[in-house]
Each structure stands twice: as structure tokens, then as C-alpha cells.
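Pasted below: my_file_29.cif, mmCIF, C-alpha atoms, pLDDT in the B column; chains and numbers go by the auth columns.
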```
data_upload
loop_
_atom_site.group_PDB
_atom_site.id
_atom_site.type_symbol
_atom_site.label_atom_id
_atom_site.label_comp_id
_atom_site.label_asym_id
_atom_site.label_seq_id
_atom_site.Cartn_x
_atom_site.Cartn_y
_atom_site.Cartn_z
_atom_site.B_iso_or_equiv
_atom_site.auth_seq_id
_atom_site.auth_asym_id
ATOM 1 C CA MET A 1 48.879 8.478 9.879 51.00 1 A
ATOM 2 C CA SER A 2 49.592 11.664 7.904 49.00 2 A
ATOM 3 C CA HIS A 3 47.918 14.987 8.659 49.00 3 A
ATOM 4 C CA ARG A 4 46.118 14.875 5.285 47.00 4 A
ATOM 5 C CA ARG A 5 44.721 11.367 5.907 47.00 5 A
ATOM 6 C CA ILE A 6 43.490 12.409 9.363 38.00 6 A
ATOM 7 C CA LEU A 7 41.609 15.354 7.840 38.00 7 A
ATOM 8 C CA VAL A 8 40.000 13.079 5.213 36.00 8 A
ATOM 9 C CA TRP A 9 39.010 10.555 7.887 38.00 9 A
ATOM 10 C CA VAL A 10 37.425 13.265 10.068 34.00 10 A
ATOM 11 C CA ALA A 11 35.584 14.654 7.055 39.00 11 A
ATOM 12 C CA MET A 12 34.173 11.195 6.291 38.00 12 A
ATOM 13 C CA LEU A 13 33.032 10.751 9.882 38.00 13 A
ATOM 14 C CA TRP A 14 31.325 14.153 9.813 41.00 14 A
ATOM 15 C CA ALA A 15 29.575 13.375 6.534 43.00 15 A
ATOM 16 C CA GLY A 16 28.371 10.037 7.900 46.00 16 A
ATOM 17 C CA ALA A 17 27.074 11.621 11.101 41.00 17 A
ATOM 18 C CA THR A 18 25.312 14.339 9.111 42.00 18 A
ATOM 19 C CA GLY A 19 23.660 11.699 6.917 44.00 19 A
ATOM 20 C CA LEU A 20 22.459 9.727 9.931 38.00 20 A
ATOM 21 C CA HIS A 21 21.036 12.883 11.479 39.00 21 A
ATOM 22 C CA ALA A 22 19.186 13.771 8.274 38.00 22 A
ATOM 23 C CA GLN A 23 17.815 10.235 8.049 42.00 23 A
ATOM 24 C CA ALA A 24 16.631 10.336 11.664 39.00 24 A
ATOM 25 C CA THR A 25 14.947 13.725 11.305 41.00 25 A
ATOM 26 C CA SER A 26 13.200 12.652 8.079 48.00 26 A
ATOM 27 C CA GLN A 27 11.512 9.678 9.705 64.00 27 A
ATOM 28 C CA VAL A 28 7.742 9.994 10.005 70.00 28 A
ATOM 29 C CA THR A 29 5.964 8.951 13.195 88.00 29 A
ATOM 30 C CA THR A 30 3.047 6.668 12.400 91.00 30 A
ATOM 31 C CA THR A 31 0.422 4.787 14.350 93.00 31 A
ATOM 32 C CA THR A 32 -2.351 2.239 13.904 94.00 32 A
ATOM 33 C CA VAL A 33 -5.806 3.816 13.892 95.00 33 A
ATOM 34 C CA ARG A 34 -8.754 1.697 15.008 96.00 34 A
ATOM 35 C CA GLY A 35 -12.495 2.114 15.117 96.00 35 A
ATOM 36 C CA ARG A 36 -15.766 0.201 15.400 96.00 36 A
ATOM 37 C CA VAL A 37 -18.885 0.268 13.244 95.00 37 A
ATOM 38 C CA GLU A 38 -22.370 0.207 14.728 94.00 38 A
ATOM 39 C CA VAL A 39 -25.773 0.709 13.144 91.00 39 A
ATOM 40 C CA ILE A 40 -27.737 3.785 14.152 87.00 40 A
ATOM 41 C CA GLY A 41 -30.277 2.793 16.783 78.00 41 A
ATOM 42 C CA ALA A 42 -28.887 -0.723 17.271 68.00 42 A
ATOM 43 C CA GLU A 43 -28.237 -2.102 20.731 56.00 43 A
ATOM 44 C CA GLY A 44 -25.238 -4.226 21.500 53.00 44 A
ATOM 45 C CA LYS A 45 -21.680 -4.136 20.243 50.00 45 A
ATOM 46 C CA GLY A 46 -21.064 -5.542 16.787 48.00 46 A
ATOM 47 C CA LYS A 47 -24.725 -6.135 15.870 51.00 47 A
ATOM 48 C CA THR A 48 -27.580 -4.473 14.037 48.00 48 A
ATOM 49 C CA ARG A 49 -31.244 -4.867 14.807 50.00 49 A
ATOM 50 C CA HIS A 50 -31.337 -7.732 12.297 50.00 50 A
ATOM 51 C CA GLY A 51 -27.910 -9.320 12.501 57.00 51 A
ATOM 52 C CA ALA A 52 -24.583 -8.595 10.835 75.00 52 A
ATOM 53 C CA ILE A 53 -22.815 -5.259 10.524 87.00 53 A
ATOM 54 C CA PRO A 54 -23.132 -3.734 7.013 91.00 54 A
ATOM 55 C CA GLY A 55 -19.942 -3.557 4.963 92.00 55 A
ATOM 56 C CA THR A 56 -18.267 -0.231 5.728 95.00 56 A
ATOM 57 C CA VAL A 57 -15.164 1.462 4.301 96.00 57 A
ATOM 58 C CA VAL A 58 -13.284 4.346 5.903 97.00 58 A
ATOM 59 C CA TRP A 59 -10.365 6.239 4.391 96.00 59 A
ATOM 60 C CA LEU A 60 -8.203 9.224 5.241 96.00 60 A
ATOM 61 C CA THR A 61 -7.082 12.005 2.919 94.00 61 A
ATOM 62 C CA PRO A 62 -4.336 14.285 4.318 92.00 62 A
ATOM 63 C CA MET A 63 -4.794 17.988 4.977 88.00 63 A
ATOM 64 C CA THR A 64 -1.930 20.543 5.010 68.00 64 A
ATOM 65 C CA GLY A 65 0.635 17.951 3.967 56.00 65 A
ATOM 66 C CA ALA A 66 -0.118 15.337 6.623 52.00 66 A
ATOM 67 C CA GLY A 67 0.390 11.791 5.420 50.00 67 A
ATOM 68 C CA SER A 68 1.898 12.838 2.084 50.00 68 A
ATOM 69 C CA GLU A 69 4.630 10.207 2.454 48.00 69 A
ATOM 70 C CA ALA A 70 2.074 7.425 2.811 49.00 70 A
ATOM 71 C CA THR A 71 -0.075 8.770 -0.030 48.00 71 A
ATOM 72 C CA ALA A 72 2.906 8.960 -2.368 43.00 72 A
ATOM 73 C CA ALA A 73 3.625 5.294 -1.685 41.00 73 A
ATOM 74 C CA ALA A 74 0.224 4.135 -2.998 46.00 74 A
ATOM 75 C CA ARG A 75 0.467 1.454 -5.674 53.00 75 A
ATOM 76 C CA PRO A 76 -2.340 -0.303 -7.579 51.00 76 A
ATOM 77 C CA PRO A 77 -2.951 -3.885 -6.425 57.00 77 A
ATOM 78 C CA GLU A 78 -1.999 -6.562 -8.925 68.00 78 A
ATOM 79 C CA ASN A 79 -4.883 -7.725 -11.094 80.00 79 A
ATOM 80 C CA PRO A 80 -7.878 -6.396 -9.155 94.00 80 A
ATOM 81 C CA ARG A 81 -10.908 -8.490 -10.110 96.00 81 A
ATOM 82 C CA LEU A 82 -14.651 -8.688 -9.552 97.00 82 A
ATOM 83 C CA VAL A 83 -15.447 -12.319 -10.306 97.00 83 A
ATOM 84 C CA GLN A 84 -18.980 -13.304 -11.299 97.00 84 A
ATOM 85 C CA LYS A 85 -19.766 -16.667 -9.726 97.00 85 A
ATOM 86 C CA ASN A 86 -23.007 -18.205 -8.433 96.00 86 A
ATOM 87 C CA LYS A 87 -24.893 -15.067 -9.461 96.00 87 A
ATOM 88 C CA SER A 88 -22.796 -12.858 -7.205 96.00 88 A
ATOM 89 C CA PHE A 89 -19.689 -10.671 -7.327 97.00 89 A
ATOM 90 C CA ASP A 90 -16.575 -11.611 -5.409 96.00 90 A
ATOM 91 C CA PRO A 91 -15.491 -9.542 -3.578 95.00 91 A
ATOM 92 C CA HIS A 92 -18.638 -7.606 -2.833 94.00 92 A
ATOM 93 C CA ILE A 93 -16.599 -4.492 -1.904 95.00 93 A
ATOM 94 C CA LEU A 94 -13.413 -3.646 -3.823 96.00 94 A
ATOM 95 C CA VAL A 95 -11.094 -0.686 -3.120 96.00 95 A
ATOM 96 C CA VAL A 96 -8.669 0.346 -5.876 95.00 96 A
ATOM 97 C CA PRO A 97 -6.347 3.311 -6.538 93.00 97 A
ATOM 98 C CA VAL A 98 -7.538 5.742 -9.188 92.00 98 A
ATOM 99 C CA GLY A 99 -6.445 4.623 -12.655 92.00 99 A
ATOM 100 C CA SER A 100 -6.669 0.886 -11.899 94.00 100 A
ATOM 101 C CA MET A 101 -7.782 -1.612 -14.532 95.00 101 A
ATOM 102 C CA VAL A 102 -10.344 -3.957 -12.971 97.00 102 A
ATOM 103 C CA GLU A 103 -11.164 -7.294 -14.568 97.00 103 A
ATOM 104 C CA PHE A 104 -14.717 -8.710 -14.647 98.00 104 A
ATOM 105 C CA PRO A 105 -14.416 -12.453 -15.473 98.00 105 A
ATOM 106 C CA ASN A 106 -17.586 -14.503 -15.922 98.00 106 A
ATOM 107 C CA HIS A 107 -17.195 -17.822 -14.077 97.00 107 A
ATOM 108 C CA ASP A 108 -20.896 -18.682 -14.274 97.00 108 A
ATOM 109 C CA PRO A 109 -22.277 -21.087 -16.921 96.00 109 A
ATOM 110 C CA PHE A 110 -24.512 -18.377 -18.404 95.00 110 A
ATOM 111 C CA PHE A 111 -24.405 -14.801 -19.678 96.00 111 A
ATOM 112 C CA HIS A 112 -23.934 -11.682 -17.590 96.00 112 A
ATOM 113 C CA ASN A 113 -24.274 -7.987 -18.432 97.00 113 A
ATOM 114 C CA VAL A 114 -22.296 -5.903 -15.916 97.00 114 A
ATOM 115 C CA PHE A 115 -23.061 -2.186 -15.765 97.00 115 A
ATOM 116 C CA SER A 116 -22.744 0.903 -13.575 95.00 116 A
ATOM 117 C CA LEU A 117 -24.843 3.966 -14.341 88.00 117 A
ATOM 118 C CA PHE A 118 -24.750 5.812 -11.016 80.00 118 A
ATOM 119 C CA GLU A 119 -22.164 8.333 -9.852 79.00 119 A
ATOM 120 C CA GLY A 120 -18.588 7.111 -10.097 87.00 120 A
ATOM 121 C CA LYS A 121 -17.404 5.178 -13.134 93.00 121 A
ATOM 122 C CA ARG A 122 -20.183 4.708 -15.692 94.00 122 A
ATOM 123 C CA PHE A 123 -19.984 1.761 -18.079 96.00 123 A
ATOM 124 C CA ASP A 124 -21.983 -1.036 -19.718 97.00 124 A
ATOM 125 C CA LEU A 125 -20.086 -4.211 -20.651 97.00 125 A
ATOM 126 C CA GLY A 126 -22.958 -5.747 -22.613 96.00 126 A
ATOM 127 C CA LEU A 127 -23.727 -9.456 -22.743 96.00 127 A
ATOM 128 C CA TYR A 128 -20.761 -11.780 -22.427 96.00 128 A
ATOM 129 C CA GLU A 129 -20.707 -15.532 -22.030 95.00 129 A
ATOM 130 C CA ALA A 130 -19.231 -18.025 -19.601 96.00 130 A
ATOM 131 C CA GLY A 131 -15.438 -18.196 -19.562 96.00 131 A
ATOM 132 C CA THR A 132 -14.938 -14.718 -21.014 97.00 132 A
ATOM 133 C CA THR A 133 -13.918 -11.486 -19.324 97.00 133 A
ATOM 134 C CA ARG A 134 -14.015 -7.714 -19.654 97.00 134 A
ATOM 135 C CA MET A 135 -11.801 -4.884 -18.346 97.00 135 A
ATOM 136 C CA VAL A 136 -12.701 -1.423 -17.042 97.00 136 A
ATOM 137 C CA ARG A 137 -10.327 1.398 -16.084 96.00 137 A
ATOM 138 C CA PHE A 138 -11.534 3.185 -12.955 95.00 138 A
ATOM 139 C CA ASP A 139 -10.124 6.624 -13.713 93.00 139 A
ATOM 140 C CA ARG A 140 -12.527 8.682 -11.605 91.00 140 A
ATOM 141 C CA LEU A 141 -12.433 9.079 -7.825 92.00 141 A
ATOM 142 C CA GLY A 142 -15.601 8.002 -6.090 91.00 142 A
ATOM 143 C CA ILE A 143 -18.049 5.188 -5.455 93.00 143 A
ATOM 144 C CA SER A 144 -19.279 2.980 -8.291 94.00 144 A
ATOM 145 C CA TYR A 145 -22.289 0.708 -7.763 93.00 145 A
ATOM 146 C CA ILE A 146 -22.014 -2.381 -9.963 95.00 146 A
ATOM 147 C CA PHE A 147 -24.977 -4.490 -11.108 95.00 147 A
ATOM 148 C CA CYS A 148 -25.942 -7.139 -13.671 96.00 148 A
ATOM 149 C CA ASN A 149 -28.713 -6.299 -16.129 95.00 149 A
ATOM 150 C CA ILE A 150 -29.918 -9.925 -16.113 94.00 150 A
ATOM 151 C CA HIS A 151 -29.716 -10.878 -12.427 94.00 151 A
ATOM 152 C CA PRO A 152 -31.142 -8.241 -10.035 93.00 152 A
ATOM 153 C CA GLU A 153 -29.716 -10.036 -6.987 92.00 153 A
ATOM 154 C CA MET A 154 -26.161 -9.242 -8.098 94.00 154 A
ATOM 155 C CA SER A 155 -24.474 -6.119 -6.725 93.00 155 A
ATOM 156 C CA ALA A 156 -21.003 -4.891 -5.812 95.00 156 A
ATOM 157 C CA VAL A 157 -19.248 -1.645 -4.979 95.00 157 A
ATOM 158 C CA VAL A 158 -15.923 -0.348 -6.296 96.00 158 A
ATOM 159 C CA ILE A 159 -14.438 2.568 -4.359 95.00 159 A
ATOM 160 C CA THR A 160 -11.726 4.438 -6.238 95.00 160 A
ATOM 161 C CA MET A 161 -9.400 6.551 -4.119 93.00 161 A
ATOM 162 C CA ALA A 162 -6.042 8.324 -4.114 92.00 162 A
ATOM 163 C CA THR A 163 -4.851 7.210 -0.683 92.00 163 A
ATOM 164 C CA PRO A 164 -3.609 3.884 0.736 92.00 164 A
ATOM 165 C CA LEU A 165 -4.947 4.844 4.178 94.00 165 A
ATOM 166 C CA TYR A 166 -8.198 2.886 4.208 95.00 166 A
ATOM 167 C CA ALA A 167 -9.872 -0.043 5.950 96.00 167 A
ATOM 168 C CA ILE A 168 -12.850 -2.303 5.274 96.00 168 A
ATOM 169 C CA SER A 169 -14.786 -3.390 8.350 95.00 169 A
ATOM 170 C CA ASN A 170 -14.739 -7.060 9.306 94.00 170 A
ATOM 171 C CA ARG A 171 -17.822 -9.093 10.233 90.00 171 A
ATOM 172 C CA ASP A 172 -17.706 -7.729 13.781 92.00 172 A
ATOM 173 C CA GLY A 173 -17.523 -4.131 12.591 94.00 173 A
ATOM 174 C CA GLN A 174 -13.879 -3.655 13.566 96.00 174 A
ATOM 175 C CA LEU A 175 -11.656 -1.292 11.542 96.00 175 A
ATOM 176 C CA SER A 176 -7.856 -0.964 11.555 96.00 176 A
ATOM 177 C CA LEU A 177 -5.605 1.358 9.518 94.00 177 A
ATOM 178 C CA ALA A 178 -1.876 0.722 9.938 92.00 178 A
ATOM 179 C CA GLY A 179 0.968 3.157 9.265 92.00 179 A
ATOM 180 C CA VAL A 180 -0.971 6.419 9.575 94.00 180 A
ATOM 181 C CA PRO A 181 1.346 9.457 10.021 93.00 181 A
ATOM 182 C CA PHE A 182 0.377 11.970 12.683 93.00 182 A
ATOM 183 C CA GLY A 183 -1.505 14.950 11.290 92.00 183 A
ATOM 184 C CA ARG A 184 -4.876 16.341 10.215 94.00 184 A
ATOM 185 C CA TYR A 185 -7.095 14.364 7.863 95.00 185 A
ATOM 186 C CA MET A 186 -10.481 14.295 6.254 95.00 186 A
ATOM 187 C CA LEU A 187 -12.215 11.087 7.313 96.00 187 A
ATOM 188 C CA HIS A 188 -14.506 9.541 4.671 96.00 188 A
ATOM 189 C CA VAL A 189 -17.091 6.893 5.535 96.00 189 A
ATOM 190 C CA TRP A 190 -19.159 4.778 3.146 95.00 190 A
ATOM 191 C CA SER A 191 -21.498 1.991 4.236 94.00 191 A
ATOM 192 C CA GLU A 192 -23.884 -0.376 2.438 89.00 192 A
ATOM 193 C CA GLY A 193 -26.890 1.210 4.105 83.00 193 A
ATOM 194 C CA MET A 194 -26.262 4.493 2.266 84.00 194 A
ATOM 195 C CA GLY A 195 -27.382 3.176 -1.144 76.00 195 A
ATOM 196 C CA PRO A 196 -26.553 4.419 -4.674 76.00 196 A
ATOM 197 C CA GLU A 197 -28.865 7.420 -4.341 72.00 197 A
ATOM 198 C CA ASN A 198 -26.415 8.779 -1.709 69.00 198 A
ATOM 199 C CA ALA A 199 -23.243 8.612 -3.766 70.00 199 A
ATOM 200 C CA GLN A 200 -21.144 10.901 -1.579 81.00 200 A
ATOM 201 C CA PRO A 201 -19.451 9.470 1.536 89.00 201 A
ATOM 202 C CA LEU A 202 -19.900 11.021 4.959 90.00 202 A
ATOM 203 C CA THR A 203 -16.928 13.242 5.900 93.00 203 A
ATOM 204 C CA ARG A 204 -15.467 15.046 8.897 94.00 204 A
ATOM 205 C CA GLU A 205 -12.086 16.449 9.925 95.00 205 A
ATOM 206 C CA ILE A 206 -9.992 14.513 12.439 95.00 206 A
ATOM 207 C CA THR A 207 -6.514 14.781 13.956 94.00 207 A
ATOM 208 C CA ILE A 208 -4.311 11.723 14.415 94.00 208 A
ATOM 209 C CA ALA A 209 -1.755 12.119 17.198 93.00 209 A
ATOM 210 C CA GLU A 210 -0.134 10.120 19.979 88.00 210 A
ATOM 211 C CA THR A 211 -3.031 10.970 22.266 88.00 211 A
ATOM 212 C CA ALA A 212 -5.739 10.770 19.582 88.00 212 A
ATOM 213 C CA SER A 213 -5.370 7.673 17.419 88.00 213 A
ATOM 214 C CA SER A 214 -8.863 6.183 17.607 94.00 214 A
ATOM 215 C CA LEU A 215 -11.856 6.710 15.342 95.00 215 A
ATOM 216 C CA GLY A 216 -14.163 5.608 18.145 94.00 216 A
ATOM 217 C CA VAL A 217 -17.607 4.320 17.197 95.00 217 A
ATOM 218 C CA ILE A 218 -18.767 5.052 13.646 94.00 218 A
ATOM 219 C CA ARG A 219 -22.541 4.841 13.369 93.00 219 A
ATOM 220 C CA VAL A 220 -23.976 4.010 9.956 91.00 220 A
ATOM 221 C CA PRO A 221 -27.503 3.514 8.559 88.00 221 A
ATOM 222 C CA GLU A 222 -28.994 0.037 8.423 85.00 222 A
ATOM 223 C CA PRO A 223 -29.143 -1.663 4.999 78.00 223 A
ATOM 224 C CA ASN A 224 -32.571 -1.646 3.389 68.00 224 A
ATOM 225 C CA GLY A 225 -33.367 -5.238 2.486 58.00 225 A
ATOM 226 C CA GLN A 226 -31.108 -8.088 1.430 52.00 226 A
ATOM 227 C CA ARG A 227 -29.649 -6.358 -1.635 60.00 227 A
ATOM 228 C CA THR A 228 -29.155 -2.851 -2.971 72.00 228 A
ATOM 229 C CA ALA A 229 -32.425 -1.666 -4.500 74.00 229 A
ATOM 230 C CA HIS A 230 -31.982 -0.640 -8.132 84.00 230 A
ATOM 231 C CA LYS A 231 -33.528 -0.742 -11.595 88.00 231 A
ATOM 232 C CA ASN A 232 -32.030 -2.238 -14.735 91.00 232 A
ATOM 233 C CA LYS A 233 -29.743 -0.316 -17.065 92.00 233 A
ATOM 234 C CA TYR A 234 -32.761 1.097 -18.934 91.00 234 A
ATOM 235 C CA GLY A 235 -34.185 2.600 -15.734 89.00 235 A
ATOM 236 C CA ARG A 236 -37.013 0.044 -15.589 91.00 236 A
ATOM 237 C CA GLU A 237 -37.954 -2.775 -13.247 91.00 237 A
ATOM 238 C CA TYR A 238 -36.343 -6.127 -13.961 91.00 238 A
ATOM 239 C CA ASP A 239 -38.295 -8.632 -16.063 85.00 239 A
ATOM 240 C CA GLU A 240 -39.050 -12.033 -14.628 76.00 240 A
ATOM 241 C CA PRO A 241 -36.606 -14.678 -15.955 67.00 241 A
ATOM 242 C CA THR A 242 -37.899 -16.352 -19.107 54.00 242 A
ATOM 243 C CA PRO A 243 -37.031 -20.080 -19.182 49.00 243 A
ATOM 244 C CA ASN A 244 -36.788 -20.154 -22.985 51.00 244 A
ATOM 245 C CA ASN A 245 -34.465 -17.158 -23.165 56.00 245 A
ATOM 246 C CA SER A 246 -30.927 -18.336 -24.060 53.00 246 A
ATOM 247 C CA ILE A 247 -29.241 -15.819 -21.796 53.00 247 A
ATOM 248 C CA TYR A 248 -30.588 -17.655 -18.760 52.00 248 A
ATOM 249 C CA LYS A 249 -29.698 -21.137 -20.003 56.00 249 A
ATOM 250 C CA GLN A 250 -26.655 -23.000 -18.809 52.00 250 A
ATOM 251 C CA GLN A 251 -23.942 -23.099 -21.424 50.00 251 A
ATOM 252 C CA HIS A 252 -21.991 -26.290 -22.175 47.00 252 A
#
```

Rewritten as C-alpha cells:
Amino acid sequence: MSHRRILVWVAMLWAGATGLHAQATSQVTTTTVRGRVEVIGAEGKGKTRHGAIPGTVVWLTPMTGAGSEATAAARPPENPRLVQKNKSFDPHILVVPVGSMVEFPNHDPFFHNVFSLFEGKRFDLGLYEAGTTRMVRFDRLGISYIFCNIHPEMSAVVITMATPLYAISNRDGQLSLAGVPFGRYMLHVWSEGMGPENAQPLTREITIAETASSLGVIRVPEPNGQRTAHKNKYGREYDEPTPNNSIYKQQH
């Protein structure tokens, strides 16, 4: 092997080693963060005074650059939807990145009028019939309470955020956030017991590290009643259903 070829070969080895070192030092250490939801004043793990744990969402926003790699990787889910079926929204809680277009298809055999007039994204889709759909762009960070102007029992929540580091509690109140880089964060907590009159989530600063990767117990208020209390889109109490009104009739 010539002297020139040896020099080239050594240079290539050095470049490769330098690249591997840069790749290794750029890796971000992450962990899985867990927590548990309990209702304030309730006794017993995973229960409230009256039964199930209220739906709760937690999310982390980085401070001083922590978690920027994970935040930059956020992508909108494909075709986020709030389906109207059996006079309810499915899912009841939907988390989407800011800027997402959310579809509201009507799968019931009668009219719906979806609206949101609280803090968050404000809109009124008007009456639309079975088999049709509407779209809304959620371009504002925050919590949007969604209702139907015809059926007071219908409610849903869309939480718009700029971070993929979030979790929705399961039926037992367990929370799990995977792939969280070590660092300082602002922890945000929203729960169904807070209601639309309390539009801002609870917040506190936390540090995620090898020795501190648990959220512990998150205590939330108990829901008030079986559904979110609210008025119709005109700010009045809901009218009783009128049997002869076509908007309540099944469509064929």
C-alpha cells in the first residue's frame, strides 16, 4: 500500500470515528414518566367517592431548552375526528397539535348543531343532517369545550397543544408519558371536574431526571353531575325536545 493511500485510509477512519462520537454525544437521554390520578377527598386507589376516575390529561412543556428535540418531532395525527353517534361524541377527550383540522361527522339519524363558545377555539357549525360532516381548524392553544345546541347531554373536550409529551388517564387513573428527555418542564393538568368556567389548566414546575421520573399522585376535583353543566349557544337553558320538530325526527 502506498504512503498516499495509507494517509487517505487513516483520514477516513478518523472522520468515521469523529462522526460516531458526534452521534453519541448528540443522543438525548429519555425516560418514561408515570403518575396516578385521584379525586380530592376520595379514599382508595383508583376510585372517587362515586365511582370512576374523571378523565384527566397531563402534558409537559419544556423550560430552558429541555425536551426541544421531542417537541420538534410533534406531528398532527391523521384525520382527527369527533364522531357524533348515539347522542354522544367519540372520543370524549381529544388531544391535537395546534393547527390541526378536526372533522365532526354526524353518524346519527337526526340533526346536530356542534358549537364551542368558551375559551379555546370558538365556532358554531350550525344545523347539519345525518351522513354529513364539518371541519374546524384548531389554531389556538388551549381547551375547547364542545357541545350540541340540540342535545344537552352531548359534550366533549378538545385540547390543543404544541408538545407531544402528554398522556390521558385510563379508567384506573394511571398516566404514562414515554420518551421524555431529562430536564425542567411546566406540568399542565386538566380534568373533567374543572368545568368550562375554569378554562386554564393547573400548572407547576417539575424536573425530570434519572432519580425523579414520577409525577406521583395528581389530585383533581370531582366531576359535578353526569355531564358538563352548560347553557345553549344563546346563553339560555335548553328547551325540552318537541316531538313535532323536524330536527329531532329520525331521518330516512

Exercise for review: Compare A:Gly126, A:Pro80, A:Gly55, A:Pro152 by their minimum atom-to-atom distance to A:Pro223, counting all atoms listed in the file, and give me the closest one.
Suggested key: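 Looking at the shortest contact to A:Pro223, the residue is A:Gly55.
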
Point to revise | Distance of atom CA of A:Val102 from atom CA of A:Leu202, expressed in Å to one decimal place | key: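 One can read the atom CA of A:Leu202 to atom CA of A:Val102 distance as 25.2 Å.
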
Exercise for review: Run the PyMOL selection byres ((chain A and resi 58) around 10) on the file and write out the hits as a list of chain:residue names.
Suggested key: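 Here the PyMOL selection byres ((chain A and resi 58) around 10) matches A:Gly35, A:Thr56, A:Val57, A:Trp59, A:Leu60, A:Leu165, A:Tyr166, A:Ala167, A:Ile168, A:Ser169, A:Leu175, A:Ser176, A:Leu177, A:Leu187, A:His188, A:Val189, A:Trp190, A:Ser191, A:Pro201, A:Leu202, A:Thr203, A:Leu215, A:Ile218.
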
Point to revise | Proximity to A:Gly173 - best of A:Ala199, A:Leu125, A:Ile53, A:Val136, only C-alpha atoms | key: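 So, comparing all the options, the nearest one is A:Ile53.
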
Review point. Which one of A:Tyr185, A:Glu192, A:His151, A:Glu237 sits closest to A:Val220 if you count all atoms listed in the file?
Key: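 Among the listed residues, A:Glu192 lies closest to A:Val220.
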
Exercise for review: For A:His107, please output as a PyMOL selection string all residues within 10 Å (counting all atoms listed in the file; exclusion window: fewer than 2 positions along the same chain).
Suggested key: chain A and resi 83-87+104-105+109-112+129-133

Practice item. Tell me which protein, DNA and RNA residues are within 8 Å of A:Ile93, counting all atoms listed in the file, leaving out same-chain ones fewer than 6 positions away, and put them as a list in words. Key: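 Those residues are Gly55, Ala156, Val157, Val158 and Ile159 of chain A.
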
**Study point:** Using all atoms listed in the file: which of A:Ser116, A:Gln200, A:Gln174, A:Thr163 has the shortest distance to A:Arg36
**Key:**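 Closest to A:Arg36 of all the choices is A:Gln174.
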
Point to revise | Selected residue of minimal separation from A:Arg184 among A:Ser100, A:Ser213, A:Asn79, A:Ser88, counting all atoms listed in the file | key: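 Once distances to A:Arg184 are computed over all atoms listed in the file, the minimum belongs to A:Ser213.
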
Exercise for review: Expand the PyMOL selection byres ((chain A and resi 99) around 8) into the individual residues it matches in the shown file, reporting them as a count of residues only.
Suggested key: 8

Point to revise | From A:Ala52, A:Leu82, A:Val96, A:Met63, residue lying nearest A:Met154 [all atoms listed in the file] | key: A:Leu82

**Study point:** Distance query A:Thr29 at most 10 Å, all atoms listed in the file, self and fewer than 6 positions along chain excluded, as a list of chain:residue names
**Key:**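 My list of contacting residues is A:Gly67, A:Gly179, A:Val180, A:Pro181, A:Phe182, A:Gly183, A:Ala209, A:Glu210.
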
Exercise for review: Identify all residues satisfying the PyMOL selection byres ((chain A and resi 142) around 6) in the given file; provide them as a list in words.
Suggested key: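 Applied to this file, the PyMOL selection byres ((chain A and resi 142) around 6) returns Gly120, Leu141, Ile143, Ile159 and Thr160 of chain A.
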
Practice item. Could you tell me how far atom CA of A:Asp108 lies from atom CA of A:Phe89, in Å and to one decimal? Key: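 Distance between the two atoms: 10.7 Å.
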
Practice item. To one decimal in Å, tell me the separation between atom CA of A:Thr228 and atom CA of A:Arg134. Key: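 Atom-to-atom, atom CA of A:Thr228 and atom CA of A:Arg134 are spaced 23.0 Å apart.
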
From the structure just shown, export stretch 119-123 of chain A with all heavy atoms as a compact mmCIF listing (two decimals), in the first residue's frame.
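Ended up saving to part-v4.txt:
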```
# COMPACT_ATOMS: atom_id res chain seq x y z
N GLU A 119 -63.65 29.54 26.30
CA GLU A 119 -62.26 29.80 25.93
C GLU A 119 -61.74 28.67 25.06
O GLU A 119 -62.24 27.54 25.10
CB GLU A 119 -61.40 29.94 27.20
CG GLU A 119 -61.72 31.18 28.02
CD GLU A 119 -61.48 32.47 27.26
OE1 GLU A 119 -60.49 32.55 26.50
OE2 GLU A 119 -62.30 33.40 27.42
N GLY A 120 -60.71 28.94 24.28
CA GLY A 120 -60.23 27.95 23.33
C GLY A 120 -60.69 28.33 21.94
O GLY A 120 -60.79 29.52 21.60
N LYS A 121 -61.00 27.37 21.12
CA LYS A 121 -61.48 27.63 19.76
C LYS A 121 -62.99 27.86 19.79
O LYS A 121 -63.76 27.00 20.23
CB LYS A 121 -61.16 26.44 18.86
CG LYS A 121 -61.65 26.59 17.43
CD LYS A 121 -60.92 27.71 16.69
CE LYS A 121 -61.38 27.79 15.24
NZ LYS A 121 -60.64 28.83 14.48
N ARG A 122 -63.42 29.02 19.31
CA ARG A 122 -64.85 29.34 19.28
C ARG A 122 -65.39 29.11 17.87
O ARG A 122 -64.84 29.61 16.90
CB ARG A 122 -65.07 30.80 19.71
CG ARG A 122 -64.70 31.05 21.17
CD ARG A 122 -64.85 32.52 21.52
NE ARG A 122 -64.63 32.72 22.93
CZ ARG A 122 -65.52 33.25 23.78
NH1 ARG A 122 -66.69 33.62 23.33
NH2 ARG A 122 -65.23 33.39 25.05
N PHE A 123 -66.51 28.39 17.80
CA PHE A 123 -67.12 28.14 16.49
C PHE A 123 -68.56 27.68 16.68
O PHE A 123 -68.96 27.28 17.78
CB PHE A 123 -66.34 27.08 15.70
CG PHE A 123 -66.28 25.73 16.35
CD1 PHE A 123 -67.25 24.76 16.10
CD2 PHE A 123 -65.25 25.41 17.23
CE1 PHE A 123 -67.20 23.52 16.71
CE2 PHE A 123 -65.18 24.17 17.84
CZ PHE A 123 -66.15 23.21 17.58
```
